[in-house]
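A.B. asks: Can you keep this structure in mind? I'll have questions shortly.
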Amino acid sequence: MIKPSIPKGTRDFSPEIVRRRNYIFQTIRTVFESYGFQPLETPAMENLDTLTGKYGEEGDKLMFRILDNGDILGKAKQAKDSKELSNLICEKALRYDLTIPFARYVVMHQNEIAFPFKRYQIQPVWRADRPQKGRYREFYQCDADIVGSNSLINEIELLSIYDQVFSDLGVDGFELRVNNRKILGGLAELIGKPELLTDITISIDKLDKIGLDGVKKELEERGIDALSIETIERFLVIEGNSEEKLNQLQSLLGNSVTAQKGIGELQEVLFSGDVSYSVQPVFDQTLARGLNYYTGIIIEAKAPSAVKIGSIGGGGRYDDLTGLFGLPGISGVGISFGVDRIYDVLEELNLFPNVVQQSTRVLFLQMDKESRSFIFPLLQLLRKAKIAAEIYPDIAKFDKQMKYANKRNIPFVVIIGENERNEKCASVKNMQNGVQKKIAMDTLTEYLKNTFKML
RNA sequence: GUGGCUGUAGCUCAGUUGGUUAGAGCAUCAGAUUGUGGUUCUGAGGGUCGUGGGUUCGAGCCCCAUUAGCCACCCCA
């Protein structure tokens with residue numbers, strides 16, 4: 001006998017967890033739909049060359065490749081090293097994120113799509129990363145993107161979506177932070193090292209984790225001189241509300257046309273007054289986000305500080321994503337929800353509504369063979385009334401059937417034994433308070449319907 | 001890819017300087033209860049102590065190797 005197990009970094013989702021996850025997905029999906037986003041699904045696997053080179057060297061390493069079927073030995077023998085080998089014997093890979101497949105889709109279907117195209121996509125992605133707490137090799141991404149429009153209205157709408165979803169989920173105290181890559185670009189220009197933008201953003205991105213001194217140390221290790229580090233520090237320590245901070249940056253980065261543009265964009269997004277938020281997004285010049293394809297706004301949604309979970313969503317604008325597939329000049333902006341972390345937040349703050357856990361509402365016990373013919377018509381009536389009901393399939397001991405109802409958390413049990421049949425009624429037991437009532441059989445459906453209406 | 005920690009029943013874990021037949025709680029099944037669950041009581045089943053080697057009169061415990069899982073780093077969601 002083999003010991004059952006699942007690949008590392010993957011998870012089984014038991015029924016109650018699936019219900020809670022579906023509640024999150026459903027909430028997000030409903031909001032996406034209400035903003036006019038359309039659903040899209042793409043294959044679990046893509047051609048390898050669609051994915052390679054899109055996520056940097058690290059990304060290529062972390063991609064799950066799919067071994068070709070058939071005789072691969074001959075091809076394999078031509079390989080000089082293992083990197084070449086995997087290119088010879090793998091022509092497909094599991095999708096690594098939802099953005100690149102989306103870009104591929106847009107290019108392939110450009111003639112059918114009405115631009116600006118707003119799509120959302122909720123599907124699993126796979127990464128051959130070494131798993132650790134809160135990180136998996138298979139996990140869901142939940143993305144909404146708009147391509148083919150440069151308007152900052154899109155940014156505002158995406159911020160509004162975050163606001164709506166977290167409000168709908170009841171997450172009090174979440175934060176929305178925004179920055180603009182052009183501002184960071186301006187900073188890199190200011191110190192005369194535009195080519196080091198990526199290094200600078202990667203280091204700044206860790207500010208939360210390693211602190212100001214840590215960032216300075218890392219910048220030093222990345223070969224940035226002391227004078228420049230001092231400038232970056234002056235940039236990082238700016239304080240105040242969004243408006244004040246942007247004003248200070250205006251003077252610090254005044255010489256950079258790029259930075260000015262970024263500042264202007266943020267001012268429009270934050271202060272247009274078009275949308276009223278339950279939680280006002282704030283400008284945070286230290287927000288960097290590692291992904292280096294962002295070119296405009298960058299957005300991060302943070303969990304309430306009480307739960308210490310950090311980022312629960314992020315996004316930004318990227319110019320020319322589809323250019324990689326031969327369709328240049330299309331700008332996109334998108335956001336993503338971190339479902340696994342949102343789950344942890346809701347769990348920790350006890351925010352899952354009780355109704356999420358409900359499945360079967362009524363269980364009919366099977367007392368003897370004769371009870372069947374009474375139970376099935378009632379079952380059908382309840383099911384037509386959208387009340388989930390089931391019959392215990394075996395004529396088992398009474399307490400075994402009761403225990404089943406209890407374990408399944410079924411709130412009502414109906415007993416139709418010989419006594420009840422003689423009286424043309426059914427015994428209905430409320431499992432929460434233990435109260436049992438006899439109800440005339442022909443009014444049972446009505447009775448249960450009304451009972452559930454009241455709950 | 002680098003480093004640290006841990007592998008004992010289905011699950012969570014005890015297990016003394018190495019010493020008889022390896023334990024507990026939970027879960028499961030049976031009974032107290034032939035028409036009443038979630039609380040109680042009684043009993044039962046369930047183990048190659050991750051795997052292989054070594055030290056020893058004797059190893060769950062010590063040593064070596066190996067493997068799996070967890071955690072941290074890199075990077076990322």
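Scheme for the structure tokens: letters A, B, ... for chains in order shown; per-chain residue numbers from 1; ligand numbers from 1 in order shown.
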Please find the residues of chain A near chain B - the criterion being any atom within 6 Å, counting only C-alpha atoms (C1' of nucleotides) - and write them as an MDAnalysis selection string.
C.D. replies: chainID A and resid 402:403 406
A.B. asks: Would you please extract all strand (DSSP E) residues from region 236-449 of chain A, as assigned by DSSP on the backbone, and give them as a ChimeraX atom specification?
C.D. replies: /A:282-283,297-302,311-319,331-337,362-364,389-391,412-415,425-430,436-440
A.B. asks: Please report the interatomic distance between CA of Leu197 (chain A) and CA of Glu221 (chain A) in Å with one decimal.
C.D. replies: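 Atom-to-atom, CA of Leu197 (chain A) to CA of Glu221 (chain A), that is 14.8 Å.
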A.B. asks: How far is it from CA of Ser86 (chain A) to C1' of G3 (chain B), in Å with one decimal?
C.D. replies: 28.3 Å
A.B. asks: Which neighbours of region 49-59 of chain B fall inside 9 Å, counting only C-alpha atoms (C1' of nucleotides), when residues of the same chain fewer than 6 positions from it are skipped, and could you give them as a ChimeraX atom specification?
C.D. replies: /B:7-8,18-19,22,65-68
A.B. asks: Find the residues near region 106-110 of chain A: any atom within 8 Å, counting only C-alpha atoms (C1' of nucleotides), skip ones fewer than 5 places away on the same chain, and give them as a list in words.
C.D. replies: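 Near neighbours after the sequence-gap exclusion: Thr322, Phe325, Gly326 and Leu327 of chain A.
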